[in-house]
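Participant: Mind having a look at this structure? Questions to follow.
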Amino acid sequence: MKQFTSKELRNTWKEFYKERGHVDVGAVSLVSDGSTGVMFNVAGMQPLMPYLLGKTHPMGTRLCNVQGCVRTNDIDSVGDRSHVTFFEMMGSWSLGDYFKEDRCKWSYELLTDVFGFDSDHLAATVFAGDENAPRDEEGAQCRIQSGFKPENIYYLPAEDNWWGLEYGPCGPDSEMFYIADVPDCGPDCGPGCSCGKYTELGNDVFMQYEKHKDGHLTPLAKKNVDTGWGLERILAFLNGTKDVYRTDLFTSVISFIEKASGETYDKDPVKTRSMRVLSDHLRTSVMLMGDEARLVPANGGPGYVLRRLIRRAVRHGRLLGLKTDDLLKIACIFIDDVYKEAYPGLVSNREFVIGELRKEIDRFSSTIENGMKEFVKILDKNTSSSDKCIAGKDAFYLYDTFGFPLELTIEMAEEKGLSVDEDGFSKAMEEQKQKARDGASFSIRSAEDDSLFDGLDESVTTVFSGYEKIEDTGKIVAIATDKLVDTVTAGSDCIIVTDNTPFYATMGGQKGDFGVISGNGEFVVNDTIKLPGGRVGHVGTVKTGSFKTNDTVTLSVDKDNRTRTCMNHSATHLLQKALQTVLGDGVKQQGSYQDGERTRFDFSFDRAMTHEEILKTEDIVNAKIMEDLEVKTSVMSIEEAKKTGAMALFGEKYGDEVRVVGMGDFSKELCGGTHVTSTGKIHSFKILSESGIAAGVRRIEGITGTSVLEYYRKLEADLCDAAATVKATPATLSDRLSKMNAEIKSLGSELESLRSKMAKDSVGDMDSKVCDVKGLSLIATAVPSADMNALRDLADQMKEKYPKGVFILCSENDGKVNLVVMASDGAIEAGAHAGNLIKKLAPMVGGGGGGRPNMAQAGGKDPSGIDAMLAGSAAILAEML
């Protein structure tokens, strides 16, 4: 066998297939587009699924790449020698091109000519056949013809050597194995055996059948091949180890952890496991945050998985004695060393990755200490009651209060020999959600109840006519209150579903329309929601008359609200492009909301915008409004849309056909919402606020049209009121306020001087208040109506006169106590400590505080304790000396 670095292995794979007519299609984001129902790309073939199922790939019929993947279903196994959550899959594909003969030949050439395996140590498995499909003799013969020895071909059942979905393309697969020079473990020893003699190297999937819904198979006209080899596993094997953490993907990180922790890898099983978990989880976290999706930790979806990985890494880092900076250095090693060339996007996103990682580590670190204390209390409770299962409500308390993912609690419990009531946790979670639902509106509760319309035939759907009309006719096809009903009368809250509607349902960030449905009465529509099965629900109240299914009705959208909503939505498109112009292409939409009152836009950015950046963004939007750009909507395939450069919301699931909204040559986005016909109809745009709502996510709120005019009118009225208050005009207000501030500052200085003098005068003769405490001069006295500044100034004056003195000064102000303690250098040398002294004095006046040896201050809530505190201060000081 030949040895390879990870870089050499990636390049070798791609060059091998390029020489055989394949095109490197490159890697896609780790975060799935949602089309396959999973959060992450979990296999190299996943992004190519549409083409394996029949679509024509624009780059040809022979493809290859190295695709990053994330799998966390076996995260609890991470910590052994082989399991990882991020891995790279080396893949190649034939889309109706070559088949088994070429595939088997090239796999053998790769194994022997490139990687240096000899045929005596190679084995392959093929499909053994069953009642649905015949034995794959063709595959076996192709393996033998390529160079595999007949005695090393094994026939295995469908559970080992068949690939397919519920229905659609499917077929046999053939795995390749390395045979170690060790005896068989028994008569049934072979590929798939757990004894370790056979190590899987790669897999070729031959999609040659179509499975129909009734279960029978028919041959495919165009047969496909999907080949996948795991880079980490092959890299380790080629370099003579079964430990992926001993490959160059991890060695520099493991070496750093050893130096930072003082531990030795592979010496102590517990410490070694923590090293592996820490290395793997930080690697995956870096990859997810540095990916084109720029994922950030969150409480749901892919962001929750990221949060779980980081927090698990923090815990194992703490077990090794590592600090935050150590964890960030590990991340930098992955970015600047390990993956610098293979994933250049990590380098360009370096600042973002490190910044977000630090925020999440700090966020968890701020609660983990208290959370661990609570966990210990829970352990003690279970130990005292001999209960081996942590209650679900306790696990939920750790999650809800301290941010402990359930999986982290389970892991810690297992380390102590306990389990966690996961059902109880889910119940506690559901109870909290139910409380939120109980306080929600009728429309929200109805939208969340997917089962409400289960009884309807699948053919009952709604056609949306609202792109062209705001009034239309339709037939009522369903009515629901808390169940499906045929008739509703005046006063009823319900949902009416029609076969046709101009009402836009809430989705894509745009709030649903409201208006009126009229027929044999009047139904006021307060909200419009999207329902399962392609239906639109009009949520509201029957004001007069009655409505029943099959009634033909007139549906009228509130024109003014729709117009203002369109203005706000179109302005949001201009805003996103303007932000990218001002802040850079790294700005990505994270969410949005538009209704008739305002627009709200959330975007990825790691700091607050400056005032200048906000003004520049606002100016760009208004300039494009003034240009009166045509707003043009086109319907096209998702592939065509991507070719036009249209922006899409990352992670959003789109259909085969999408609407592309273009505003001149300035903005182009995939969007299903409603818009103005030209940007001039927006009239004007104003940013009201810019703020942070989550780690790495900013929010802008803005208004358009007449709302901008109303905003400035109110601003003008407030300005006039403020000017009148200080006897000025709006034009002279700034000068007037400057003069007033100068006067206030001057008066404040005079007041401070007077207070300081009054405080000094109130003390009177200092010498008469001095008390000797073991050779130190102690002055402990109350000063009437003095603030902290006055007390500190007075104590400073005393220090100049008494080089070996301790000064305890307090004052009552509005029912509260100000307390200052100072110690001169000579007193400190004798053992006095102002900070320690105040810790004992402050509780006597209902307060707390601390400070340095020479100065400390505190506040209190109980003035009645002042006399006792001053009287006891000498004894407290004496104990300290």
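Identifiers for the structure tokens are assigned positionally: chains receive A, B, ... in sequence, residues are indexed from 1 per chain, and ligands are indexed from 1 in the order shown.
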Could you list, as a VMD selection string, every residue within 10 Å of region 231-234 of chain A, counting only C-alpha atoms and ignoring same-chain residues fewer than 2 positions away?
Facilitator: chain A and resid 4 6 9 to 10 13 66 to 68 82 to 84 86 to 91 115 199 to 202 228 to 229 236 to 245 247 to 249
Participant: Could you write out the selected residues, including N, CA and C atoms, as a compact mmCIF listing (two decimals), in the first residue's frame?
Facilitator:
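As written to disk, result-v8.txt reads:
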# COMPACT_ATOMS: atom_id res chain seq x y z
N PHE A 4 -0.54 8.29 1.74
CA PHE A 4 -1.03 9.55 1.17
C PHE A 4 -1.27 10.55 2.29
N SER A 6 -3.83 13.83 3.23
CA SER A 6 -5.23 14.09 2.88
C SER A 6 -5.32 14.90 1.59
N LEU A 9 -4.67 12.60 -1.33
CA LEU A 9 -5.78 11.68 -1.56
C LEU A 9 -6.93 12.36 -2.29
N ARG A 10 -7.29 13.58 -1.87
CA ARG A 10 -8.35 14.33 -2.56
C ARG A 10 -7.99 14.54 -4.03
N TRP A 13 -7.93 11.30 -6.20
CA TRP A 13 -9.28 10.81 -6.54
C TRP A 13 -9.85 11.58 -7.74
N VAL A 66 -15.36 15.65 -4.27
CA VAL A 66 -15.15 15.31 -2.86
C VAL A 66 -16.11 16.20 -2.08
N GLN A 67 -17.11 15.60 -1.45
CA GLN A 67 -18.19 16.35 -0.80
C GLN A 67 -18.12 16.22 0.72
N GLY A 68 -18.10 17.36 1.40
CA GLY A 68 -18.19 17.33 2.86
C GLY A 68 -19.58 16.93 3.30
N SER A 82 -12.83 5.66 15.16
CA SER A 82 -13.30 5.81 13.78
C SER A 82 -14.46 6.79 13.58
N HIS A 83 -15.28 7.00 14.59
CA HIS A 83 -16.48 7.82 14.39
C HIS A 83 -16.16 9.31 14.37
N VAL A 84 -16.77 10.00 13.42
CA VAL A 84 -16.66 11.46 13.30
C VAL A 84 -18.03 12.00 12.88
N PHE A 86 -18.22 15.11 11.08
CA PHE A 86 -17.95 15.65 9.74
C PHE A 86 -17.03 14.69 9.02
N PHE A 87 -17.32 14.41 7.76
CA PHE A 87 -16.44 13.55 6.98
C PHE A 87 -16.54 13.96 5.52
N GLU A 88 -15.56 13.55 4.75
CA GLU A 88 -15.55 13.84 3.32
C GLU A 88 -15.81 12.55 2.54
N MET A 89 -16.74 12.63 1.59
CA MET A 89 -17.06 11.48 0.76
C MET A 89 -16.52 11.72 -0.64
N MET A 90 -15.63 10.82 -1.06
CA MET A 90 -15.10 10.88 -2.42
C MET A 90 -16.06 10.12 -3.32
N GLY A 91 -16.61 10.80 -4.34
CA GLY A 91 -17.65 10.18 -5.15
C GLY A 91 -17.40 10.28 -6.64
N PHE A 115 -3.53 2.91 -5.31
CA PHE A 115 -3.36 2.77 -3.86
C PHE A 115 -2.40 1.65 -3.47
N THR A 199 -11.96 -5.12 6.11
CA THR A 199 -12.16 -3.67 6.25
C THR A 199 -12.77 -3.12 4.97
N GLU A 200 -13.93 -2.47 5.09
CA GLU A 200 -14.59 -1.92 3.90
C GLU A 200 -13.77 -0.76 3.33
N LEU A 201 -13.63 -0.75 2.01
CA LEU A 201 -12.88 0.30 1.33
C LEU A 201 -13.77 1.25 0.54
N GLY A 202 -14.77 0.71 -0.15
CA GLY A 202 -15.64 1.55 -0.96
C GLY A 202 -16.85 0.78 -1.43
N GLY A 228 -19.01 5.65 -3.85
CA GLY A 228 -18.65 6.48 -2.70
C GLY A 228 -17.61 5.83 -1.82
N TRP A 229 -16.55 6.57 -1.51
CA TRP A 229 -15.48 6.12 -0.62
C TRP A 229 -15.29 7.19 0.46
N ALA A 236 -6.81 6.81 6.77
CA ALA A 236 -6.25 6.12 7.93
C ALA A 236 -5.70 4.75 7.53
N PHE A 237 -6.45 4.02 6.75
CA PHE A 237 -6.06 2.67 6.37
C PHE A 237 -4.79 2.67 5.53
N LEU A 238 -4.73 3.60 4.56
CA LEU A 238 -3.55 3.68 3.69
C LEU A 238 -2.30 4.06 4.47
N ASN A 239 -2.47 4.72 5.60
CA ASN A 239 -1.33 5.14 6.42
C ASN A 239 -1.09 4.20 7.59
N GLY A 240 -1.65 3.00 7.51
CA GLY A 240 -1.34 1.95 8.47
C GLY A 240 -1.96 2.08 9.83
N THR A 241 -3.10 2.75 9.91
CA THR A 241 -3.78 2.89 11.21
C THR A 241 -5.28 2.79 11.02
N LYS A 242 -5.97 2.36 12.05
CA LYS A 242 -7.42 2.37 12.03
C LYS A 242 -7.98 3.52 12.86
N ASP A 243 -7.07 4.39 13.32
CA ASP A 243 -7.44 5.55 14.14
C ASP A 243 -7.39 6.80 13.26
N VAL A 244 -8.57 7.34 12.89
CA VAL A 244 -8.61 8.51 12.02
C VAL A 244 -7.98 9.73 12.69
N TYR A 245 -7.89 9.70 14.03
CA TYR A 245 -7.32 10.84 14.75
C TYR A 245 -5.78 10.83 14.70
N THR A 247 -4.38 10.60 11.63
CA THR A 247 -4.09 11.10 10.29
C THR A 247 -3.79 12.59 10.35
N ASP A 248 -3.30 13.12 9.21
CA ASP A 248 -2.91 14.54 9.21
C ASP A 248 -4.11 15.47 9.32
N LEU A 249 -5.33 14.93 9.30
CA LEU A 249 -6.52 15.75 9.52
C LEU A 249 -6.63 16.18 10.99
Participant: Please list as an mmCIF file with C-alpha atoms, in the first residue's frame every residue within 10 Å of region 321-331 of chain A, counting only C-alpha atoms and excluding residues in the same chain fewer than 5 positions away.
Facilitator:
data_model
loop_
_atom_site.group_PDB
_atom_site.id
_atom_site.type_symbol
_atom_site.label_atom_id
_atom_site.label_comp_id
_atom_site.auth_asym_id
_atom_site.auth_seq_id
_atom_site.Cartn_x
_atom_site.Cartn_y
_atom_site.Cartn_z
ATOM 1 C CA SER A 252 -1.677 18.911 14.671
ATOM 2 C CA VAL A 253 -4.808 19.455 16.770
ATOM 3 C CA ILE A 254 -4.133 16.430 18.992
ATOM 4 C CA PHE A 256 -1.830 21.072 20.580
ATOM 5 C CA ILE A 257 -4.331 19.510 23.008
ATOM 6 C CA ALA A 260 -2.306 22.583 26.482
ATOM 7 C CA SER A 261 -3.703 19.879 28.766
ATOM 8 C CA GLY A 262 -0.543 18.049 29.796
ATOM 9 C CA GLU A 263 -2.206 14.769 28.855
ATOM 10 C CA LEU A 278 -13.224 17.918 21.355
ATOM 11 C CA SER A 279 -11.288 17.630 18.075
ATOM 12 C CA LEU A 282 -14.798 21.722 16.926
ATOM 13 C CA ARG A 283 -13.871 20.583 13.412
ATOM 14 C CA THR A 284 -17.531 20.076 12.484
ATOM 15 C CA SER A 285 -18.503 23.384 14.101
ATOM 16 C CA VAL A 286 -15.829 25.241 12.136
ATOM 17 C CA MET A 287 -17.001 23.585 8.927
ATOM 18 C CA ILE A 310 -20.059 23.373 20.537
ATOM 19 C CA ALA A 313 -16.910 20.361 22.938
ATOM 20 C CA VAL A 314 -16.778 22.970 25.730
ATOM 21 C CA ARG A 315 -17.583 20.333 28.329
ATOM 22 C CA HIS A 316 -14.879 17.928 27.106
ATOM 23 C CA ASP A 336 -5.269 28.054 8.855
ATOM 24 C CA ASP A 337 -3.527 24.692 8.572
ATOM 25 C CA ARG A 350 -12.292 33.141 9.550
ATOM 26 C CA VAL A 353 -16.235 31.702 12.534
ATOM 27 C CA ILE A 354 -13.953 32.645 15.425
ATOM 28 C CA GLY A 355 -16.277 35.463 16.499
ATOM 29 C CA LEU A 357 -17.540 30.424 18.223
ATOM 30 C CA ARG A 358 -16.273 32.722 20.978
ATOM 31 C CA ILE A 361 -18.490 29.402 24.171
ATOM 32 C CA ASP A 362 -18.831 32.510 26.367
ATOM 33 C CA SER A 365 -19.523 29.201 29.945
#
Participant: I need the helix (DSSP H, G or I) residues of region 290-393 of chain A per DSSP on the backbone, written as a PyMOL selection string.
Facilitator: chain A and resi 290+301-319+324-338+344-348+350-384+392-393
Participant: Need the shell around Glu630 (chain A): protein/DNA/RNA residues with any atom at most 6 Å away, counting only C-alpha atoms. Skip same-chain ones fewer than 2 positions apart. Format as a PyMOL selection string?
Facilitator: chain A and resi 663-664+678
Participant: For Arg312 (chain A), work out the shell of residues within 10 Å, counting only C-alpha atoms and skipping chain neighbours fewer than 5 positions away, then give it as a list in words.
Facilitator: Ser274, Val277, Leu278, His281, Leu282, Leu306, Arg307, Gly317, Arg318, Phe404, Pro405, Glu407, Leu408 and Glu411 of chain A
Participant: Extract, using only C-alpha atoms, all DNA, RNA and protein residues at most 7 Å from region 147-158 of chain A, discarding same-chain residues fewer than 2 positions from it, and format them as a list in words.
Facilitator: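 Here the qualifying residues turn out to be Tyr108, Ser119, Leu122, Ala123, Ala124, Thr125, Val126, Phe127, Ala128, Gly129, Ala140, Arg143, Ile144, Gln145, Asp160, Asn161 and Trp162 of chain A.
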Participant: Among region 159-286 of chain A, which ones does DSSP place in strand (DSSP E or B), written as JSON, numbers by chain?
Facilitator: {"A": [162, 163, 164, 168, 169, 170, 171, 172, 173, 174, 175, 176, 177, 178, 179, 198, 199, 200, 201, 202, 203, 204, 205, 206, 207, 208, 209, 210, 211, 217, 218, 219, 220, 221, 222, 223, 224, 225, 226, 227, 228, 229, 230]}
Participant: Write out as a list in words which residues come within 10 Å of Val845 (chain A) when counting only C-alpha atoms, dropping same-chain ones fewer than 6 positions away.
Facilitator: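 Residues near the query, excluding close chain neighbours: Lys816, Val817, Asn818, Leu819, Ala858, Gly859, Gly860, Lys861, Asp862, Pro863, Ser864, Gly865, Ile866, Asp867, Ala868 and Met869 of chain A.
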Participant: Save out the residues we just selected, N, CA and C atoms, as a PDB file, in the first residue's frame.
Facilitator:
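part-v3.pdb, freshly written:
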ATOM      1  N   LYS A 816     -31.058  55.230  51.839  1.00  0.00           N
ATOM      2  CA  LYS A 816     -30.012  54.287  51.460  1.00  0.00           C
ATOM      3  C   LYS A 816     -28.681  54.714  52.070  1.00  0.00           C
ATOM      4  N   VAL A 817     -27.742  53.782  52.112  1.00  0.00           N
ATOM      5  CA  VAL A 817     -26.454  54.025  52.754  1.00  0.00           C
ATOM      6  C   VAL A 817     -25.341  53.996  51.722  1.00  0.00           C
ATOM      7  N   ASN A 818     -24.483  55.023  51.733  1.00  0.00           N
ATOM      8  CA  ASN A 818     -23.242  55.019  50.964  1.00  0.00           C
ATOM      9  C   ASN A 818     -22.106  54.750  51.945  1.00  0.00           C
ATOM     10  N   LEU A 819     -21.207  53.840  51.563  1.00  0.00           N
ATOM     11  CA  LEU A 819     -20.134  53.438  52.481  1.00  0.00           C
ATOM     12  C   LEU A 819     -18.811  53.375  51.720  1.00  0.00           C
ATOM     13  N   ALA A 858     -19.364  50.423  49.089  1.00  0.00           N
ATOM     14  CA  ALA A 858     -20.548  49.556  49.103  1.00  0.00           C
ATOM     15  C   ALA A 858     -21.795  50.409  49.276  1.00  0.00           C
ATOM     16  N   GLY A 859     -22.929  49.792  48.965  1.00  0.00           N
ATOM     17  CA  GLY A 859     -24.207  50.433  49.197  1.00  0.00           C
ATOM     18  C   GLY A 859     -25.010  49.600  50.174  1.00  0.00           C
ATOM     19  N   GLY A 860     -25.932  50.230  50.878  1.00  0.00           N
ATOM     20  CA  GLY A 860     -26.765  49.511  51.832  1.00  0.00           C
ATOM     21  C   GLY A 860     -28.199  50.001  51.810  1.00  0.00           C
ATOM     22  N   LYS A 861     -29.108  49.179  52.350  1.00  0.00           N
ATOM     23  CA  LYS A 861     -30.530  49.529  52.344  1.00  0.00           C
ATOM     24  C   LYS A 861     -31.076  49.772  53.750  1.00  0.00           C
ATOM     25  N   ASP A 862     -30.214  49.651  54.772  1.00  0.00           N
ATOM     26  CA  ASP A 862     -30.708  49.750  56.152  1.00  0.00           C
ATOM     27  C   ASP A 862     -29.910  50.793  56.939  1.00  0.00           C
ATOM     28  N   PRO A 863     -30.338  52.081  56.899  1.00  0.00           N
ATOM     29  CA  PRO A 863     -29.612  53.134  57.632  1.00  0.00           C
ATOM     30  C   PRO A 863     -29.626  52.923  59.139  1.00  0.00           C
ATOM     31  N   SER A 864     -30.582  52.155  59.642  1.00  0.00           N
ATOM     32  CA  SER A 864     -30.671  51.965  61.098  1.00  0.00           C
ATOM     33  C   SER A 864     -29.455  51.227  61.652  1.00  0.00           C
ATOM     34  N   GLY A 865     -28.696  50.582  60.776  1.00  0.00           N
ATOM     35  CA  GLY A 865     -27.529  49.833  61.242  1.00  0.00           C
ATOM     36  C   GLY A 865     -26.247  50.631  61.253  1.00  0.00           C
ATOM     37  N   ILE A 866     -26.308  51.908  60.874  1.00  0.00           N
ATOM     38  CA  ILE A 866     -25.092  52.717  60.758  1.00  0.00           C
ATOM     39  C   ILE A 866     -24.362  52.842  62.094  1.00  0.00           C
ATOM     40  N   ASP A 867     -25.089  53.192  63.151  1.00  0.00           N
ATOM     41  CA  ASP A 867     -24.434  53.408  64.455  1.00  0.00           C
ATOM     42  C   ASP A 867     -23.734  52.143  64.939  1.00  0.00           C
ATOM     43  N   ALA A 868     -24.422  51.006  64.840  1.00  0.00           N
ATOM     44  CA  ALA A 868     -23.827  49.745  65.297  1.00  0.00           C
ATOM     45  C   ALA A 868     -22.614  49.386  64.455  1.00  0.00           C
ATOM     46  N   MET A 869     -22.674  49.669  63.155  1.00  0.00           N
ATOM     47  CA  MET A 869     -21.548  49.360  62.272  1.00  0.00           C
ATOM     48  C   MET A 869     -20.326  50.184  62.663  1.00  0.00           C
TER      49      MET A 869
END
Participant: Pick out the residues sitting within 12 Å of Asp113 (chain A), and hand them over as a PyMOL selection string; count only C-alpha atoms, and ignore anything fewer than 3 positions along from it in its own chain.
Facilitator: chain A and resi 1-2+12+16+105-110+116-119+147
Participant: Those residues you just picked out, can you put them in a file as a compact mmCIF listing (two decimals), in the first residue's frame with all heavy atoms?
Facilitator:
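As a result, part.txt now contains:
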# COMPACT_ATOMS: atom_id res chain seq x y z
N MET A 1 0.83 -1.20 0.00
CA MET A 1 0.00 0.00 0.00
C MET A 1 0.87 1.25 0.00
O MET A 1 1.94 1.28 0.58
CB MET A 1 -0.91 0.03 1.25
CG MET A 1 -2.04 -0.97 1.21
SD MET A 1 -3.13 -0.77 2.63
CE MET A 1 -2.04 -1.24 3.97
N LYS A 2 0.39 2.29 -0.65
CA LYS A 2 1.08 3.56 -0.70
C LYS A 2 0.50 4.50 0.36
O LYS A 2 -0.69 4.43 0.66
CB LYS A 2 0.94 4.20 -2.07
CG LYS A 2 1.51 3.35 -3.21
CD LYS A 2 1.24 4.00 -4.56
CE LYS A 2 1.76 3.12 -5.69
NZ LYS A 2 1.44 3.69 -7.02
N THR A 12 -5.76 13.02 -5.89
CA THR A 12 -5.61 11.76 -6.63
C THR A 12 -6.96 11.25 -7.09
O THR A 12 -7.12 10.79 -8.24
CB THR A 12 -4.91 10.71 -5.75
OG1 THR A 12 -3.59 11.17 -5.43
CG2 THR A 12 -4.82 9.37 -6.47
N PHE A 16 -7.88 11.02 -11.06
CA PHE A 16 -8.13 9.67 -11.60
C PHE A 16 -9.38 9.67 -12.46
O PHE A 16 -9.41 9.11 -13.56
CB PHE A 16 -8.28 8.67 -10.44
CG PHE A 16 -8.57 7.26 -10.88
CD1 PHE A 16 -7.54 6.39 -11.20
CD2 PHE A 16 -9.88 6.80 -10.96
CE1 PHE A 16 -7.81 5.07 -11.58
CE2 PHE A 16 -10.16 5.51 -11.35
CZ PHE A 16 -9.11 4.64 -11.67
N LYS A 105 -13.84 -2.20 -13.41
CA LYS A 105 -12.45 -2.10 -13.89
C LYS A 105 -11.76 -0.92 -13.23
O LYS A 105 -10.62 -1.02 -12.76
CB LYS A 105 -12.46 -1.94 -15.41
CG LYS A 105 -11.05 -1.79 -16.01
CD LYS A 105 -11.10 -1.68 -17.53
CE LYS A 105 -11.69 -0.35 -17.97
NZ LYS A 105 -11.58 -0.15 -19.43
N TRP A 106 -12.42 0.23 -13.19
CA TRP A 106 -11.79 1.42 -12.64
C TRP A 106 -11.61 1.32 -11.12
O TRP A 106 -10.62 1.80 -10.57
CB TRP A 106 -12.61 2.66 -13.00
CG TRP A 106 -12.55 2.96 -14.48
CD1 TRP A 106 -11.59 2.56 -15.36
CD2 TRP A 106 -13.50 3.72 -15.22
NE1 TRP A 106 -11.87 3.01 -16.62
CE2 TRP A 106 -13.05 3.74 -16.57
CE3 TRP A 106 -14.69 4.37 -14.92
CZ2 TRP A 106 -13.73 4.38 -17.59
CZ3 TRP A 106 -15.37 5.03 -15.92
CH2 TRP A 106 -14.90 5.03 -17.26
N SER A 107 -12.56 0.68 -10.45
CA SER A 107 -12.40 0.51 -9.00
C SER A 107 -11.18 -0.36 -8.71
O SER A 107 -10.41 -0.08 -7.78
CB SER A 107 -13.65 -0.14 -8.40
OG SER A 107 -14.73 0.75 -8.42
N TYR A 108 -10.98 -1.40 -9.52
CA TYR A 108 -9.82 -2.29 -9.32
C TYR A 108 -8.52 -1.55 -9.63
O TYR A 108 -7.54 -1.68 -8.90
CB TYR A 108 -9.95 -3.53 -10.20
CG TYR A 108 -8.87 -4.55 -9.95
CD1 TYR A 108 -8.93 -5.39 -8.84
CD2 TYR A 108 -7.77 -4.66 -10.81
CE1 TYR A 108 -7.92 -6.33 -8.60
CE2 TYR A 108 -6.76 -5.58 -10.57
CZ TYR A 108 -6.84 -6.41 -9.46
OH TYR A 108 -5.84 -7.33 -9.21
N GLU A 109 -8.52 -0.76 -10.71
CA GLU A 109 -7.33 0.02 -11.05
C GLU A 109 -6.98 1.00 -9.94
O GLU A 109 -5.81 1.19 -9.60
CB GLU A 109 -7.55 0.78 -12.36
CG GLU A 109 -7.58 -0.09 -13.60
CD GLU A 109 -7.90 0.71 -14.85
OE1 GLU A 109 -8.11 1.95 -14.74
OE2 GLU A 109 -7.97 0.11 -15.94
N LEU A 110 -7.97 1.62 -9.37
CA LEU A 110 -7.76 2.58 -8.28
C LEU A 110 -7.15 1.87 -7.07
O LEU A 110 -6.19 2.36 -6.45
CB LEU A 110 -9.08 3.24 -7.90
CG LEU A 110 -9.03 4.44 -6.96
CD1 LEU A 110 -8.26 5.59 -7.57
CD2 LEU A 110 -10.46 4.90 -6.62
N GLY A 116 -2.07 0.76 -4.41
CA GLY A 116 -1.03 -0.23 -4.13
C GLY A 116 -1.49 -1.48 -3.43
O GLY A 116 -0.66 -2.22 -2.87
N PHE A 117 -2.79 -1.80 -3.44
CA PHE A 117 -3.26 -3.06 -2.87
C PHE A 117 -2.93 -4.21 -3.83
O PHE A 117 -2.91 -4.02 -5.06
CB PHE A 117 -4.78 -3.03 -2.64
CG PHE A 117 -5.22 -2.08 -1.56
CD1 PHE A 117 -5.67 -0.81 -1.88
CD2 PHE A 117 -5.18 -2.46 -0.23
CE1 PHE A 117 -6.07 0.07 -0.89
CE2 PHE A 117 -5.61 -1.59 0.76
CZ PHE A 117 -6.05 -0.31 0.44
N ASP A 118 -2.71 -5.42 -3.30
CA ASP A 118 -2.56 -6.57 -4.16
C ASP A 118 -3.85 -7.39 -4.14
O ASP A 118 -4.59 -7.39 -3.15
CB ASP A 118 -1.37 -7.43 -3.74
CG ASP A 118 -1.57 -8.07 -2.37
OD1 ASP A 118 -1.23 -7.40 -1.36
OD2 ASP A 118 -2.10 -9.20 -2.32
N SER A 119 -4.12 -8.09 -5.24
CA SER A 119 -5.41 -8.77 -5.41
C SER A 119 -5.65 -9.85 -4.36
O SER A 119 -6.81 -10.17 -4.06
CB SER A 119 -5.49 -9.39 -6.80
OG SER A 119 -4.43 -10.32 -7.00
N GLY A 147 -10.09 -8.22 -11.99
CA GLY A 147 -8.89 -8.68 -11.29
C GLY A 147 -9.14 -9.31 -9.94
O GLY A 147 -8.23 -9.88 -9.34
Participant: Pick from A:Thr251, A:Leu615, A:Ile75, A:Leu52: nearest to Leu165 (chain A), with only C-alpha atoms counted?
Facilitator: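 Among the listed residues, A:Leu52 lies closest to Leu165 (chain A).
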